[in-house]
$ cat target-v5.cif   # mmCIF, C-alpha atoms
data_start
loop_
_atom_site.group_PDB
_atom_site.id
_atom_site.type_symbol
_atom_site.label_atom_id
_atom_site.label_comp_id
_atom_site.auth_asym_id
_atom_site.auth_seq_id
_atom_site.Cartn_x
_atom_site.Cartn_y
_atom_site.Cartn_z
ATOM 1 C CA MET A 1 -11.458 1.811 -13.768
ATOM 2 C CA LEU A 2 -7.993 0.757 -14.936
ATOM 3 C CA ILE A 3 -4.956 0.183 -12.727
ATOM 4 C CA GLY A 4 -1.510 0.320 -14.282
ATOM 5 C CA LYS A 5 2.123 0.750 -13.375
ATOM 6 C CA ALA A 6 3.037 4.345 -12.537
ATOM 7 C CA THR A 7 5.404 6.205 -14.846
ATOM 8 C CA THR A 8 7.514 9.319 -14.441
ATOM 9 C CA ARG A 9 4.564 11.296 -15.836
ATOM 10 C CA ASP A 10 2.591 10.324 -12.710
ATOM 11 C CA ARG A 11 5.118 11.801 -10.280
ATOM 12 C CA ASN A 12 3.368 15.146 -9.662
ATOM 13 C CA PHE A 13 0.032 13.380 -9.163
ATOM 14 C CA LEU A 14 1.566 10.897 -6.702
ATOM 15 C CA GLU A 15 3.360 13.545 -4.671
ATOM 16 C CA GLY A 16 0.373 15.898 -4.672
ATOM 17 C CA LEU A 17 -2.102 13.234 -3.573
ATOM 18 C CA ALA A 18 0.317 11.928 -0.944
ATOM 19 C CA ALA A 19 0.777 15.438 0.437
ATOM 20 C CA GLU A 20 -2.997 15.911 0.631
ATOM 21 C CA ALA A 21 -3.827 12.475 2.029
ATOM 22 C CA PHE A 22 -0.941 12.007 4.454
ATOM 23 C CA SER A 23 0.123 15.521 5.520
ATOM 24 C CA ALA A 24 -0.892 14.900 9.141
ATOM 25 C CA PHE A 25 1.425 11.885 9.345
ATOM 26 C CA GLY A 26 4.684 13.402 8.128
ATOM 27 C CA SER A 27 6.485 14.342 4.928
ATOM 28 C CA TYR A 28 5.149 11.682 2.570
ATOM 29 C CA GLY A 29 6.313 13.526 -0.548
ATOM 30 C CA LYS A 30 9.912 12.886 0.468
ATOM 31 C CA LEU A 31 9.143 9.348 1.615
ATOM 32 C CA LEU A 32 7.449 8.484 -1.686
ATOM 33 C CA ARG A 33 10.449 9.703 -3.662
ATOM 34 C CA SER A 34 12.750 7.660 -1.447
ATOM 35 C CA TRP A 35 10.607 4.520 -1.587
ATOM 36 C CA SER A 36 10.054 4.717 -5.334
ATOM 37 C CA SER A 37 13.806 4.577 -5.943
ATOM 38 C CA GLU A 38 14.215 1.379 -3.905
ATOM 39 C CA PRO A 39 14.474 -1.917 -5.764
ATOM 40 C CA GLY A 40 11.416 -4.064 -5.205
ATOM 41 C CA VAL A 41 8.991 -1.141 -4.789
ATOM 42 C CA HIS A 42 6.167 -0.852 -7.336
ATOM 43 C CA THR A 43 3.616 1.922 -7.704
ATOM 44 C CA TYR A 44 0.269 1.521 -9.453
ATOM 45 C CA VAL A 45 -2.131 4.286 -10.485
ATOM 46 C CA ALA A 46 -5.910 3.951 -10.807
ATOM 47 C CA ARG A 47 -7.468 5.852 -13.694
ATOM 48 C CA ASP A 48 -11.096 6.566 -14.489
ATOM 49 C CA GLU A 49 -10.884 7.217 -18.218
ATOM 50 C CA ALA A 50 -7.842 9.515 -18.494
ATOM 51 C CA VAL A 51 -8.202 10.947 -14.972
ATOM 52 C CA ARG A 52 -5.870 9.712 -12.248
ATOM 53 C CA VAL A 53 -7.919 8.934 -9.139
ATOM 54 C CA GLY A 54 -5.629 7.071 -6.728
ATOM 55 C CA PHE A 55 -2.502 5.007 -6.218
ATOM 56 C CA VAL A 56 -0.997 2.189 -4.229
ATOM 57 C CA MET A 57 2.695 1.605 -3.515
ATOM 58 C CA LEU A 58 3.822 -1.952 -2.762
ATOM 59 C CA GLY A 59 7.302 -2.982 -1.658
ATOM 60 C CA PHE A 60 8.789 -6.445 -1.222
ATOM 61 C CA TYR A 61 11.126 -7.111 1.701
ATOM 62 C CA TYR A 62 12.857 -10.088 3.273
ATOM 63 C CA ALA A 63 11.058 -11.334 6.364
ATOM 64 C CA GLU A 64 14.160 -12.668 8.115
ATOM 65 C CA PRO A 65 17.960 -12.279 7.972
ATOM 66 C CA GLU A 66 18.389 -15.572 6.079
ATOM 67 C CA ARG A 67 16.473 -14.013 3.144
ATOM 68 C CA ARG A 68 14.281 -17.025 2.455
ATOM 69 C CA THR A 69 10.803 -15.590 2.843
ATOM 70 C CA VAL A 70 9.415 -12.278 1.647
ATOM 71 C CA TYR A 71 6.491 -10.078 2.577
ATOM 72 C CA GLY A 72 4.717 -7.443 0.554
ATOM 73 C CA ASP A 73 4.327 -4.104 2.318
ATOM 74 C CA ILE A 74 1.668 -1.644 1.185
ATOM 75 C CA LEU A 75 3.660 1.503 1.837
ATOM 76 C CA ALA A 76 0.936 3.922 0.764
ATOM 77 C CA ILE A 77 -2.576 3.818 -0.631
ATOM 78 C CA ALA A 78 -4.557 6.959 -1.397
ATOM 79 C CA VAL A 79 -7.600 8.064 -3.353
ATOM 80 C CA GLY A 80 -8.366 11.616 -4.451
ATOM 81 C CA PRO A 81 -10.977 13.360 -2.294
ATOM 82 C CA GLU A 82 -13.559 13.581 -5.089
ATOM 83 C CA HIS A 83 -13.305 9.829 -5.745
ATOM 84 C CA ARG A 84 -13.449 8.509 -2.173
ATOM 85 C CA GLY A 85 -16.298 6.256 -1.153
ATOM 86 C CA ARG A 86 -16.631 4.764 -4.653
ATOM 87 C CA GLY A 87 -14.646 1.541 -4.218
ATOM 88 C CA VAL A 88 -11.360 2.827 -5.671
ATOM 89 C CA GLY A 89 -9.424 2.112 -2.471
ATOM 90 C CA ARG A 90 -10.758 -1.445 -2.414
ATOM 91 C CA LEU A 91 -9.705 -1.960 -6.060
ATOM 92 C CA LEU A 92 -6.221 -0.632 -5.329
ATOM 93 C CA LEU A 93 -5.910 -2.821 -2.228
ATOM 94 C CA ARG A 94 -7.008 -5.905 -4.152
ATOM 95 C CA HIS A 95 -4.569 -5.045 -6.937
ATOM 96 C CA ALA A 96 -1.678 -4.862 -4.459
ATOM 97 C CA VAL A 97 -2.635 -8.240 -2.964
ATOM 98 C CA GLU A 98 -2.882 -9.712 -6.473
ATOM 99 C CA MET A 99 0.598 -8.373 -7.308
ATOM 100 C CA ALA A 100 1.910 -10.088 -4.161
ATOM 101 C CA HIS A 101 0.283 -13.326 -5.337
ATOM 102 C CA GLN A 102 1.907 -12.939 -8.756
ATOM 103 C CA ALA A 103 5.304 -12.282 -7.174
ATOM 104 C CA ARG A 104 5.085 -15.767 -5.681
ATOM 105 C CA ARG A 105 6.168 -17.098 -9.076
ATOM 106 C CA THR A 106 9.712 -16.035 -8.206
ATOM 107 C CA LEU A 107 9.660 -15.112 -4.499
ATOM 108 C CA ASP A 108 8.434 -16.918 -1.387
ATOM 109 C CA VAL A 109 5.903 -14.191 -0.506
ATOM 110 C CA ARG A 110 3.906 -15.304 2.505
ATOM 111 C CA GLU A 111 1.950 -12.233 3.554
ATOM 112 C CA VAL A 112 1.042 -8.640 2.836
ATOM 113 C CA ARG A 113 1.439 -6.012 5.550
ATOM 114 C CA LEU A 114 0.402 -2.388 5.932
ATOM 115 C CA SER A 115 0.179 0.327 8.557
ATOM 116 C CA VAL A 116 -2.895 2.385 9.329
ATOM 117 C CA ALA A 117 -3.513 5.194 11.793
ATOM 118 C CA HIS A 118 -5.474 4.069 14.841
ATOM 119 C CA THR A 119 -7.881 6.962 14.190
ATOM 120 C CA ASN A 120 -8.567 5.965 10.561
ATOM 121 C CA LEU A 121 -11.551 3.720 11.267
ATOM 122 C CA ARG A 122 -12.783 3.820 7.669
ATOM 123 C CA ALA A 123 -9.501 2.425 6.331
ATOM 124 C CA GLN A 124 -9.332 -0.140 9.138
ATOM 125 C CA ALA A 125 -12.809 -1.369 8.186
ATOM 126 C CA LEU A 126 -11.747 -1.671 4.535
ATOM 127 C CA PHE A 127 -8.583 -3.567 5.386
ATOM 128 C CA THR A 128 -10.404 -5.886 7.791
ATOM 129 C CA SER A 129 -13.088 -6.627 5.176
ATOM 130 C CA GLU A 130 -10.300 -7.669 2.790
ATOM 131 C CA GLY A 131 -8.780 -10.166 5.237
ATOM 132 C CA PHE A 132 -6.213 -8.042 7.092
ATOM 133 C CA ARG A 133 -5.866 -8.460 10.858
ATOM 134 C CA GLU A 134 -3.758 -6.653 13.438
ATOM 135 C CA GLY A 135 -0.357 -8.298 13.368
ATOM 136 C CA PRO A 136 2.016 -9.299 16.162
ATOM 137 C CA GLU A 137 4.316 -6.289 15.697
ATOM 138 C CA ALA A 138 4.115 -3.593 18.329
ATOM 139 C CA ARG A 139 2.185 -0.518 17.297
ATOM 140 C CA GLY A 140 4.444 2.194 16.010
ATOM 141 C CA ARG A 141 4.124 5.934 15.507
ATOM 142 C CA TYR A 142 3.994 8.090 12.412
ATOM 143 C CA ASP A 143 6.297 11.109 12.214
ATOM 144 C CA GLY A 144 3.277 13.252 13.166
ATOM 145 C CA GLY A 145 2.942 11.300 16.452
ATOM 146 C CA GLN A 146 -0.158 9.250 15.573
ATOM 147 C CA GLU A 147 -0.304 5.622 16.639
ATOM 148 C CA ALA A 148 0.131 3.185 13.727
ATOM 149 C CA ILE A 149 -1.514 -0.230 13.705
ATOM 150 C CA ARG A 150 0.380 -2.886 11.753
ATOM 151 C CA MET A 151 -2.024 -5.164 9.857
ATOM 152 C CA VAL A 152 -1.251 -8.446 8.090
ATOM 153 C CA ARG A 153 -2.951 -10.666 5.536
ATOM 154 C CA THR A 154 -1.544 -14.153 5.059
ATOM 155 C CA LEU A 155 -1.483 -15.286 1.440
ATOM 156 C CA GLU A 156 -3.117 -18.579 0.626
ATOM 157 C CA ARG A 157 -0.593 -21.330 -0.085
ATOM 158 C CA SER A 158 -2.382 -22.936 -3.053
ATOM 159 C CA ARG A 159 -2.627 -19.822 -5.225
ATOM 160 C CA VAL A 160 0.262 -18.832 -7.485
#
$ encode --input "target-v5.cif" --output "structure tokens"
Amino acid sequence: MLIGKATTRDRNFLEGLAAEAFSAFGSYGKLLRSWSSEPGVHTYVARDEAVRVGFVMLGFYYAEPERRTVYGDILAIAVGPEHRGRGVGRLLLRHAVEMAHQARRTLDVREVRLSVAHTNLRAQALFTSEGFREGPEARGRYDGGQEAIRMVRTLERSRV
């Protein structure tokens, strides 16, 4: 399994998988296009041989108005239906966390955040097993009305 930076040739795959994986939560095709054009947002695609199997989208944002500290936000993570349950999501999640660690070379990145539907117990278990915990932010709602849990993983200080 290889994970690399998404290119324009991956656009149809990204939008199609997002539509399939997130359709209950709102119009993710539009959101992905919007997010991908923002500075500081990076998309990575997992490939098994030449077949695209999943993606993760990671954005970097200032944590406070003074713009001193930064957090990484996993905006979307999805795996194709035929590849689920094979560890691809875990690899993508770990890749996003590693990219946040690498960004610490130039940014004061202190944590990685993500949102997950309160009904998505499988994803919650994955995120928890990788060190994410429910954060202090109030639970929000997806466009489809589902409750969204905000999870946070603090990055270790000694690793750069």
$ residues_around --input "target-v5.cif" --residues "Gly72 (chain A)" --least-positions-apart "3" --cutoff "7 Å" --atoms "only C-alpha atoms" --output "short mmCIF file (atom, residue, chain, number, x, y, z; two decimals) with C-alpha atoms, keeping the file's coordinate frame"
data_model
loop_
_atom_site.label_atom_id
_atom_site.label_comp_id
_atom_site.auth_asym_id
_atom_site.auth_seq_id
_atom_site.Cartn_x
_atom_site.Cartn_y
_atom_site.Cartn_z
CA LEU A 58 3.82 -1.95 -2.76
CA GLY A 59 7.30 -2.98 -1.66
CA PHE A 60 8.79 -6.44 -1.22
CA TYR A 61 11.13 -7.11 1.70
CA ALA A 100 1.91 -10.09 -4.16
CA VAL A 109 5.90 -14.19 -0.51
CA GLU A 111 1.95 -12.23 3.55
CA VAL A 112 1.04 -8.64 2.84
CA ARG A 113 1.44 -6.01 5.55
#
$ residues_near_point --input "target-v5.cif" --point "(9.0, -0.1, -0.7)" --cutoff "9 Å" --atoms "only C-alpha atoms" --output "list in words"
Leu32, Ser34, Trp35, Ser36, Ser37, Glu38, Pro39, Gly40, Val41, His42, Met57, Leu58, Gly59, Phe60, Tyr61, Gly72, Asp73, Ile74 and Leu75 of chain A
$ resolve_selection --input "target-v5.cif" --expression "the PyMOL selection byres ((chain A and resi 117) around 6)" --output "PyMOL selection string"
chain A and resi 116+118-120+147-148
$ atom_distance --input "target-v5.cif" --atom1 "CA of Lys5 (chain A)" --atom2 "CA of Phe22 (chain A)"
21.3 Å
$ atom_distance --input "target-v5.cif" --atom1 "CA of Ala78 (chain A)" --atom2 "CA of Leu2 (chain A)"
15.3 Å
$ closest_residue --input "target-v5.cif" --among "A:Gly145, A:Gly85, A:Ala96, A:Arg157" --to "Ala123 (chain A)" --atoms "all atoms listed in the file"
A:Gly85
$ closest_residue --input "target-v5.cif" --among "A:Pro81, A:Glu98, A:Tyr142, A:Leu121" --to "Glu20 (chain A)" --atoms "all atoms listed in the file"
A:Pro81
$ closest_residue --input "target-v5.cif" --among "A:Ala76, A:Glu130, A:Tyr71, A:Leu92" --to "Arg104 (chain A)" --atoms "all atoms listed in the file"
A:Tyr71
$ closest_residue --input "target-v5.cif" --among "A:Gly87, A:Leu155, A:Gln124, A:Glu64" --to "Gln102 (chain A)" --atoms "all atoms listed in the file"
A:Leu155
$ atom_distance --input "target-v5.cif" --atom1 "CA of Phe55 (chain A)" --atom2 "CA of Val79 (chain A)"
6.6 Å
$ closest_residue --input "target-v5.cif" --among "A:Arg52, A:Leu93, A:Arg141, A:Thr106" --to "Ser129 (chain A)" --atoms "all atoms listed in the file"
A:Leu93
$ decode --input "target-v5.cif" --residues "region 75-114 of chain A" --atoms "N, CA and C atoms" --output "PDB file, in the first residue's frame"
ATOM      1  N   LEU A  75     -10.052  16.656   7.672  1.00  0.00           N
ATOM      2  CA  LEU A  75     -11.331  17.110   7.144  1.00  0.00           C
ATOM      3  C   LEU A  75     -12.164  15.955   6.603  1.00  0.00           C
ATOM      4  N   ALA A  76     -11.493  14.954   6.054  1.00  0.00           N
ATOM      5  CA  ALA A  76     -12.193  13.795   5.504  1.00  0.00           C
ATOM      6  C   ALA A  76     -11.225  12.628   5.426  1.00  0.00           C
ATOM      7  N   ILE A  77     -11.750  11.447   5.686  1.00  0.00           N
ATOM      8  CA  ILE A  77     -10.989  10.212   5.520  1.00  0.00           C
ATOM      9  C   ILE A  77     -11.998   9.165   5.057  1.00  0.00           C
ATOM     10  N   ALA A  78     -11.675   8.484   3.974  1.00  0.00           N
ATOM     11  CA  ALA A  78     -12.614   7.507   3.419  1.00  0.00           C
ATOM     12  C   ALA A  78     -11.859   6.387   2.719  1.00  0.00           C
ATOM     13  N   VAL A  79     -12.454   5.211   2.772  1.00  0.00           N
ATOM     14  CA  VAL A  79     -11.907   4.027   2.117  1.00  0.00           C
ATOM     15  C   VAL A  79     -13.018   3.423   1.272  1.00  0.00           C
ATOM     16  N   GLY A  80     -12.675   2.980   0.064  1.00  0.00           N
ATOM     17  CA  GLY A  80     -13.651   2.352  -0.809  1.00  0.00           C
ATOM     18  C   GLY A  80     -14.275   1.137  -0.154  1.00  0.00           C
ATOM     19  N   PRO A  81     -15.556   0.886  -0.434  1.00  0.00           N
ATOM     20  CA  PRO A  81     -16.285  -0.197   0.229  1.00  0.00           C
ATOM     21  C   PRO A  81     -15.598  -1.562   0.134  1.00  0.00           C
ATOM     22  N   GLU A  82     -15.004  -1.869  -1.007  1.00  0.00           N
ATOM     23  CA  GLU A  82     -14.380  -3.176  -1.195  1.00  0.00           C
ATOM     24  C   GLU A  82     -13.037  -3.306  -0.480  1.00  0.00           C
ATOM     25  N   HIS A  83     -12.541  -2.214   0.090  1.00  0.00           N
ATOM     26  CA  HIS A  83     -11.247  -2.229   0.772  1.00  0.00           C
ATOM     27  C   HIS A  83     -11.365  -1.967   2.276  1.00  0.00           C
ATOM     28  N   ARG A  84     -12.575  -1.792   2.766  1.00  0.00           N
ATOM     29  CA  ARG A  84     -12.785  -1.519   4.186  1.00  0.00           C
ATOM     30  C   ARG A  84     -12.490  -2.759   5.021  1.00  0.00           C
ATOM     31  N   GLY A  85     -12.045  -2.519   6.244  1.00  0.00           N
ATOM     32  CA  GLY A  85     -11.755  -3.618   7.146  1.00  0.00           C
ATOM     33  C   GLY A  85     -10.407  -4.271   6.908  1.00  0.00           C
ATOM     34  N   ARG A  86      -9.548  -3.614   6.112  1.00  0.00           N
ATOM     35  CA  ARG A  86      -8.233  -4.174   5.776  1.00  0.00           C
ATOM     36  C   ARG A  86      -7.077  -3.319   6.276  1.00  0.00           C
ATOM     37  N   GLY A  87      -7.371  -2.337   7.128  1.00  0.00           N
ATOM     38  CA  GLY A  87      -6.318  -1.500   7.699  1.00  0.00           C
ATOM     39  C   GLY A  87      -5.970  -0.258   6.898  1.00  0.00           C
ATOM     40  N   VAL A  88      -6.680  -0.009   5.797  1.00  0.00           N
ATOM     41  CA  VAL A  88      -6.374   1.161   4.964  1.00  0.00           C
ATOM     42  C   VAL A  88      -6.686   2.450   5.715  1.00  0.00           C
ATOM     43  N   GLY A  89      -7.813   2.494   6.400  1.00  0.00           N
ATOM     44  CA  GLY A  89      -8.178   3.687   7.168  1.00  0.00           C
ATOM     45  C   GLY A  89      -7.145   4.005   8.235  1.00  0.00           C
ATOM     46  N   ARG A  90      -6.647   2.982   8.900  1.00  0.00           N
ATOM     47  CA  ARG A  90      -5.611   3.174   9.922  1.00  0.00           C
ATOM     48  C   ARG A  90      -4.333   3.744   9.286  1.00  0.00           C
ATOM     49  N   LEU A  91      -3.943   3.201   8.133  1.00  0.00           N
ATOM     50  CA  LEU A  91      -2.749   3.721   7.436  1.00  0.00           C
ATOM     51  C   LEU A  91      -2.929   5.183   7.043  1.00  0.00           C
ATOM     52  N   LEU A  92      -4.103   5.522   6.533  1.00  0.00           N
ATOM     53  CA  LEU A  92      -4.366   6.910   6.149  1.00  0.00           C
ATOM     54  C   LEU A  92      -4.353   7.832   7.371  1.00  0.00           C
ATOM     55  N   LEU A  93      -4.952   7.384   8.459  1.00  0.00           N
ATOM     56  CA  LEU A  93      -4.974   8.171   9.690  1.00  0.00           C
ATOM     57  C   LEU A  93      -3.555   8.400  10.198  1.00  0.00           C
ATOM     58  N   ARG A  94      -2.767   7.343  10.240  1.00  0.00           N
ATOM     59  CA  ARG A  94      -1.376   7.470  10.683  1.00  0.00           C
ATOM     60  C   ARG A  94      -0.582   8.385   9.755  1.00  0.00           C
ATOM     61  N   HIS A  95      -0.857   8.327   8.472  1.00  0.00           N
ATOM     62  CA  HIS A  95      -0.160   9.194   7.520  1.00  0.00           C
ATOM     63  C   HIS A  95      -0.488  10.662   7.817  1.00  0.00           C
ATOM     64  N   ALA A  96      -1.752  10.957   8.067  1.00  0.00           N
ATOM     65  CA  ALA A  96      -2.147  12.334   8.373  1.00  0.00           C
ATOM     66  C   ALA A  96      -1.455  12.826   9.643  1.00  0.00           C
ATOM     67  N   VAL A  97      -1.400  11.987  10.666  1.00  0.00           N
ATOM     68  CA  VAL A  97      -0.727  12.374  11.914  1.00  0.00           C
ATOM     69  C   VAL A  97       0.761  12.587  11.647  1.00  0.00           C
ATOM     70  N   GLU A  98       1.359  11.734  10.845  1.00  0.00           N
ATOM     71  CA  GLU A  98       2.782  11.896  10.502  1.00  0.00           C
ATOM     72  C   GLU A  98       3.014  13.203   9.737  1.00  0.00           C
ATOM     73  N   MET A  99       2.109  13.566   8.849  1.00  0.00           N
ATOM     74  CA  MET A  99       2.248  14.830   8.113  1.00  0.00           C
ATOM     75  C   MET A  99       2.150  16.015   9.076  1.00  0.00           C
ATOM     76  N   ALA A 100       1.305  15.903  10.090  1.00  0.00           N
ATOM     77  CA  ALA A 100       1.225  16.961  11.109  1.00  0.00           C
ATOM     78  C   ALA A 100       2.532  17.057  11.880  1.00  0.00           C
ATOM     79  N   HIS A 101       3.118  15.903  12.200  1.00  0.00           N
ATOM     80  CA  HIS A 101       4.436  15.902  12.865  1.00  0.00           C
ATOM     81  C   HIS A 101       5.477  16.574  11.972  1.00  0.00           C
ATOM     82  N   GLN A 102       5.489  16.248  10.698  1.00  0.00           N
ATOM     83  CA  GLN A 102       6.468  16.842   9.789  1.00  0.00           C
ATOM     84  C   GLN A 102       6.260  18.338   9.622  1.00  0.00           C
ATOM     85  N   ALA A 103       5.024  18.789   9.685  1.00  0.00           N
ATOM     86  CA  ALA A 103       4.743  20.225   9.565  1.00  0.00           C
ATOM     87  C   ALA A 103       5.322  21.016  10.727  1.00  0.00           C
ATOM     88  N   ARG A 104       5.636  20.318  11.816  1.00  0.00           N
ATOM     89  CA  ARG A 104       6.208  20.999  12.983  1.00  0.00           C
ATOM     90  C   ARG A 104       7.591  21.568  12.691  1.00  0.00           C
ATOM     91  N   ARG A 105       8.189  21.197  11.588  1.00  0.00           N
ATOM     92  CA  ARG A 105       9.478  21.791  11.207  1.00  0.00           C
ATOM     93  C   ARG A 105       9.350  23.289  10.958  1.00  0.00           C
ATOM     94  N   THR A 106       8.146  23.696  10.500  1.00  0.00           N
ATOM     95  CA  THR A 106       7.951  25.116  10.177  1.00  0.00           C
ATOM     96  C   THR A 106       6.768  25.759  10.906  1.00  0.00           C
ATOM     97  N   LEU A 107       5.892  24.946  11.483  1.00  0.00           N
ATOM     98  CA  LEU A 107       4.710  25.455  12.171  1.00  0.00           C
ATOM     99  C   LEU A 107       4.651  24.893  13.583  1.00  0.00           C
ATOM    100  N   ASP A 108       4.060  25.634  14.497  1.00  0.00           N
ATOM    101  CA  ASP A 108       3.890  25.155  15.870  1.00  0.00           C
ATOM    102  C   ASP A 108       2.595  24.348  15.957  1.00  0.00           C
ATOM    103  N   VAL A 109       2.607  23.147  15.356  1.00  0.00           N
ATOM    104  CA  VAL A 109       1.437  22.269  15.341  1.00  0.00           C
ATOM    105  C   VAL A 109       1.399  21.502  16.660  1.00  0.00           C
ATOM    106  N   ARG A 110       0.316  21.669  17.384  1.00  0.00           N
ATOM    107  CA  ARG A 110       0.226  21.062  18.712  1.00  0.00           C
ATOM    108  C   ARG A 110      -0.703  19.866  18.791  1.00  0.00           C
ATOM    109  N   GLU A 111      -1.668  19.785  17.859  1.00  0.00           N
ATOM    110  CA  GLU A 111      -2.616  18.683  17.921  1.00  0.00           C
ATOM    111  C   GLU A 111      -3.241  18.435  16.553  1.00  0.00           C
ATOM    112  N   VAL A 112      -3.871  17.277  16.451  1.00  0.00           N
ATOM    113  CA  VAL A 112      -4.647  16.923  15.271  1.00  0.00           C
ATOM    114  C   VAL A 112      -6.081  16.721  15.733  1.00  0.00           C
ATOM    115  N   ARG A 113      -7.020  17.270  14.981  1.00  0.00           N
ATOM    116  CA  ARG A 113      -8.437  17.172  15.318  1.00  0.00           C
ATOM    117  C   ARG A 113      -9.185  16.485  14.170  1.00  0.00           C
ATOM    118  N   LEU A 114     -10.365  16.008  14.475  1.00  0.00           N
ATOM    119  CA  LEU A 114     -11.251  15.454  13.451  1.00  0.00           C
ATOM    120  C   LEU A 114     -12.658  15.418  14.015  1.00  0.00           C
TER     121      LEU A 114
END
